[in-house]
$ cat start-v8.pdb   # PDB, C-alpha atoms, pLDDT in the B column
ATOM      1  CA  MET A 225     -41.505   2.803  -3.758  1.00 44.00           C
ATOM      2  CA  SER A 226     -37.877   1.691  -4.072  1.00 45.00           C
ATOM      3  CA  ALA A 227     -36.610  -1.475  -2.397  1.00 49.00           C
ATOM      4  CA  THR A 228     -33.197   0.122  -1.943  1.00 48.00           C
ATOM      5  CA  PRO A 229     -32.590   1.166   1.680  1.00 49.00           C
ATOM      6  CA  SER A 230     -31.343   4.667   2.179  1.00 46.00           C
ATOM      7  CA  ILE A 231     -29.841   6.709   4.972  1.00 47.00           C
ATOM      8  CA  THR A 232     -31.567  10.042   5.167  1.00 44.00           C
ATOM      9  CA  ALA A 233     -30.377  12.935   7.268  1.00 45.00           C
ATOM     10  CA  ILE A 234     -33.079  15.396   8.248  1.00 47.00           C
ATOM     11  CA  PRO A 235     -31.880  19.016   8.370  1.00 46.00           C
ATOM     12  CA  ALA A 236     -31.802  20.513  11.845  1.00 46.00           C
ATOM     13  CA  PRO A 237     -34.507  23.107  12.507  1.00 48.00           C
ATOM     14  CA  GLY A 238     -33.515  26.590  11.461  1.00 47.00           C
ATOM     15  CA  THR A 239     -30.779  25.507   9.061  1.00 46.00           C
ATOM     16  CA  GLY A 240     -30.469  25.279   5.317  1.00 48.00           C
ATOM     17  CA  ALA A 241     -31.306  22.031   3.552  1.00 44.00           C
ATOM     18  CA  ASP A 242     -27.654  21.019   3.266  1.00 44.00           C
ATOM     19  CA  MET A 243     -25.874  22.678   6.195  1.00 47.00           C
ATOM     20  CA  ALA A 244     -26.243  22.302   9.944  1.00 50.00           C
ATOM     21  CA  ARG A 245     -24.422  24.389  12.531  1.00 51.00           C
ATOM     22  CA  ARG A 246     -23.344  22.650  15.695  1.00 52.00           C
ATOM     23  CA  PHE A 247     -21.303  23.784  18.672  1.00 50.00           C
ATOM     24  CA  SER A 248     -18.176  22.025  19.841  1.00 49.00           C
ATOM     25  CA  TYR A 249     -18.562  19.941  22.985  1.00 54.00           C
ATOM     26  CA  ASP A 250     -15.226  21.288  24.229  1.00 59.00           C
ATOM     27  CA  ASP A 251     -15.959  24.967  23.693  1.00 62.00           C
ATOM     28  CA  PRO A 252     -19.546  26.161  23.208  1.00 62.00           C
ATOM     29  CA  GLU A 253     -18.211  29.391  21.673  1.00 68.00           C
ATOM     30  CA  VAL A 254     -16.522  27.499  18.821  1.00 68.00           C
ATOM     31  CA  GLU A 255     -18.885  26.743  15.994  1.00 70.00           C
ATOM     32  CA  ARG A 256     -18.295  23.934  13.497  1.00 70.00           C
ATOM     33  CA  VAL A 257     -20.202  23.414  10.286  1.00 82.00           C
ATOM     34  CA  THR A 258     -21.225  20.010   8.995  1.00 84.00           C
ATOM     35  CA  THR A 259     -22.648  19.042   5.631  1.00 87.00           C
ATOM     36  CA  ARG A 260     -25.505  16.574   5.563  1.00 87.00           C
ATOM     37  CA  VAL A 261     -25.283  13.786   2.992  1.00 89.00           C
ATOM     38  CA  GLN A 262     -27.951  11.350   1.875  1.00 92.00           C
ATOM     39  CA  LEU A 263     -26.882   7.899   0.675  1.00 89.00           C
ATOM     40  CA  GLU A 264     -28.824   5.271  -1.198  1.00 94.00           C
ATOM     41  CA  LEU A 265     -27.350   1.832  -0.643  1.00 95.00           C
ATOM     42  CA  PRO A 266     -28.256  -1.531  -2.117  1.00 97.00           C
ATOM     43  CA  PRO A 267     -29.451  -4.044   0.511  1.00 96.00           C
ATOM     44  CA  GLN A 268     -26.089  -5.878   0.667  1.00 97.00           C
ATOM     45  CA  ALA A 269     -24.186  -2.647   1.313  1.00 97.00           C
ATOM     46  CA  MET A 270     -26.633  -1.690   4.067  1.00 96.00           C
ATOM     47  CA  VAL A 271     -26.113  -5.083   5.725  1.00 97.00           C
ATOM     48  CA  ARG A 272     -22.336  -4.538   5.550  1.00 97.00           C
ATOM     49  CA  LEU A 273     -22.706  -1.074   7.083  1.00 97.00           C
ATOM     50  CA  GLN A 274     -24.884  -2.444   9.895  1.00 97.00           C
ATOM     51  CA  LYS A 275     -22.394  -5.240  10.622  1.00 98.00           C
ATOM     52  CA  LEU A 276     -19.476  -2.781  10.743  1.00 97.00           C
ATOM     53  CA  LYS A 277     -21.449  -0.539  13.101  1.00 97.00           C
ATOM     54  CA  GLU A 278     -22.040  -3.487  15.435  1.00 98.00           C
ATOM     55  CA  LYS A 279     -18.474  -4.871  15.227  1.00 97.00           C
ATOM     56  CA  THR A 280     -16.887  -1.493  15.896  1.00 96.00           C
ATOM     57  CA  GLU A 281     -19.507  -0.446  18.458  1.00 97.00           C
ATOM     58  CA  ALA A 282     -19.926   2.813  16.554  1.00 97.00           C
ATOM     59  CA  ALA A 283     -22.617   5.161  17.801  1.00 96.00           C
ATOM     60  CA  SER A 284     -24.001   5.792  14.320  1.00 95.00           C
ATOM     61  CA  TYR A 285     -23.714   4.935  10.645  1.00 95.00           C
ATOM     62  CA  ALA A 286     -22.107   8.347  10.185  1.00 94.00           C
ATOM     63  CA  GLU A 287     -19.344   7.365  12.628  1.00 95.00           C
ATOM     64  CA  VAL A 288     -18.644   4.196  10.623  1.00 97.00           C
ATOM     65  CA  ILE A 289     -18.475   6.205   7.398  1.00 96.00           C
ATOM     66  CA  ARG A 290     -16.227   8.903   8.929  1.00 95.00           C
ATOM     67  CA  ASN A 291     -13.844   6.222  10.229  1.00 96.00           C
ATOM     68  CA  ALA A 292     -13.806   4.467   6.854  1.00 96.00           C
ATOM     69  CA  LEU A 293     -13.121   7.762   5.095  1.00 96.00           C
ATOM     70  CA  ARG A 294     -10.169   8.535   7.400  1.00 96.00           C
ATOM     71  CA  LEU A 295      -8.696   5.080   6.826  1.00 95.00           C
ATOM     72  CA  PHE A 296      -9.191   5.176   3.068  1.00 95.00           C
ATOM     73  CA  GLU A 297      -7.666   8.657   2.879  1.00 96.00           C
ATOM     74  CA  ALA A 298      -4.565   7.462   4.771  1.00 95.00           C
ATOM     75  CA  LEU A 299      -4.249   4.412   2.502  1.00 95.00           C
ATOM     76  CA  VAL A 300      -4.523   6.546  -0.655  1.00 96.00           C
ATOM     77  CA  GLU A 301      -1.847   8.934   0.658  1.00 95.00           C
ATOM     78  CA  GLU A 302       0.505   6.036   1.412  1.00 95.00           C
ATOM     79  CA  HIS A 303      -0.195   4.505  -2.001  1.00 95.00           C
ATOM     80  CA  GLU A 304       0.650   7.843  -3.650  1.00 95.00           C
ATOM     81  CA  ARG A 305       4.004   7.746  -1.819  1.00 95.00           C
ATOM     82  CA  GLY A 306       4.667   4.339  -3.337  1.00 94.00           C
ATOM     83  CA  SER A 307       3.960   2.259  -0.237  1.00 94.00           C
ATOM     84  CA  ASP A 308       2.965  -1.405  -0.385  1.00 94.00           C
ATOM     85  CA  PHE A 309       0.563  -2.984   2.087  1.00 94.00           C
ATOM     86  CA  PHE A 310       1.086  -6.235   3.937  1.00 95.00           C
ATOM     87  CA  LEU A 311      -0.964  -8.228   6.432  1.00 94.00           C
ATOM     88  CA  LYS A 312       0.499 -10.408   9.136  1.00 95.00           C
ATOM     89  CA  ARG A 313      -1.860 -13.280   9.847  1.00 95.00           C
ATOM     90  CA  PRO A 314      -2.206 -14.837  13.325  1.00 95.00           C
ATOM     91  CA  ASP A 315      -0.033 -17.776  12.222  1.00 96.00           C
ATOM     92  CA  GLY A 316       2.792 -15.345  11.333  1.00 94.00           C
ATOM     93  CA  GLU A 317       2.319 -15.507   7.550  1.00 96.00           C
ATOM     94  CA  VAL A 318       2.899 -12.149   5.856  1.00 95.00           C
ATOM     95  CA  VAL A 319       0.726 -11.543   2.809  1.00 95.00           C
ATOM     96  CA  HIS A 320       1.010  -8.741   0.249  1.00 94.00           C
ATOM     97  CA  TYR A 321      -2.372  -7.009   0.323  1.00 92.00           C
ATOM     98  CA  LYS A 322      -3.331  -5.442  -3.004  1.00 92.00           C
ATOM     99  CA  ILE A 323      -5.745  -2.623  -2.178  1.00 91.00           C
ATOM    100  CA  PHE A 324      -5.179  -0.597  -5.326  1.00 90.00           C
ATOM    101  CA  LEU A 325      -5.026  -2.637  -8.505  1.00 83.00           C
TER     102      LEU A 325
END
$ encode --input "start-v8.pdb" --output "structure tokens"
Amino acid sequence: MSATPSITAIPAPGTGADMARRFSYDDPEVERVTTRVQLELPPQAMVRLQKLKEKTEAASYAEVIRNALRLFEALVEEHERGSDFFLKRPDGEVVHYKIFL
């Protein structure tokens, strides 16, 4: 047995092993399709994921990952446009933040 924690998504009954059909909360006639993904994370990464879930009050690990993916996608797009990233610290100091080396 592996000591590496993993996040396992169990397929919904009546669906294929990798696809689950869900209905939109806004309109029960509109169907959306989601793909289930299984991740194996080293213990340190799992601790980081748990801490982010708590800090952001996310409902699930999947919510944390979806939010991270949206943010990373936006950062990559800005980087591709030639943008630089800066942080403004509470004391007013502005620091160049090198995300992409």
$ closest_residue --input "start-v8.pdb" --among "A:Ala282, A:Asn291, A:Leu276, A:Phe324" --to "Gly306 (chain A)" --atoms "all atoms listed in the file"
A:Phe324
$ atom_distance --input "start-v8.pdb" --atom1 "CA of Glu302 (chain A)" --atom2 "CA of Pro314 (chain A)"
24.2 Å
$ atom_distance --input "start-v8.pdb" --atom1 "CA of Glu264 (chain A)" --atom2 "CA of Glu278 (chain A)"
20.0 Å
$ atom_distance --input "start-v8.pdb" --atom1 "CA of Val300 (chain A)" --atom2 "CA of Tyr321 (chain A)"
13.8 Å
$ residues_around --input "start-v8.pdb" --residues "Lys322 (chain A)" --least-positions-apart "6" --cutoff "10 Å" --atoms "all atoms listed in the file" --output "ChimeraX atom specification"
/A:308-310
$ resolve_selection --input "start-v8.pdb" --expression "the PyMOL selection byres ((chain A and resi 288) around 12)" --output "list in words"
Met270, Arg272, Leu273, Gln274, Lys275, Leu276, Lys277, Glu278, Lys279, Thr280, Glu281, Ala282, Ala283, Ser284, Tyr285, Ala286, Glu287, Ile289, Arg290, Asn291, Ala292, Leu293, Arg294 and Leu295 of chain A
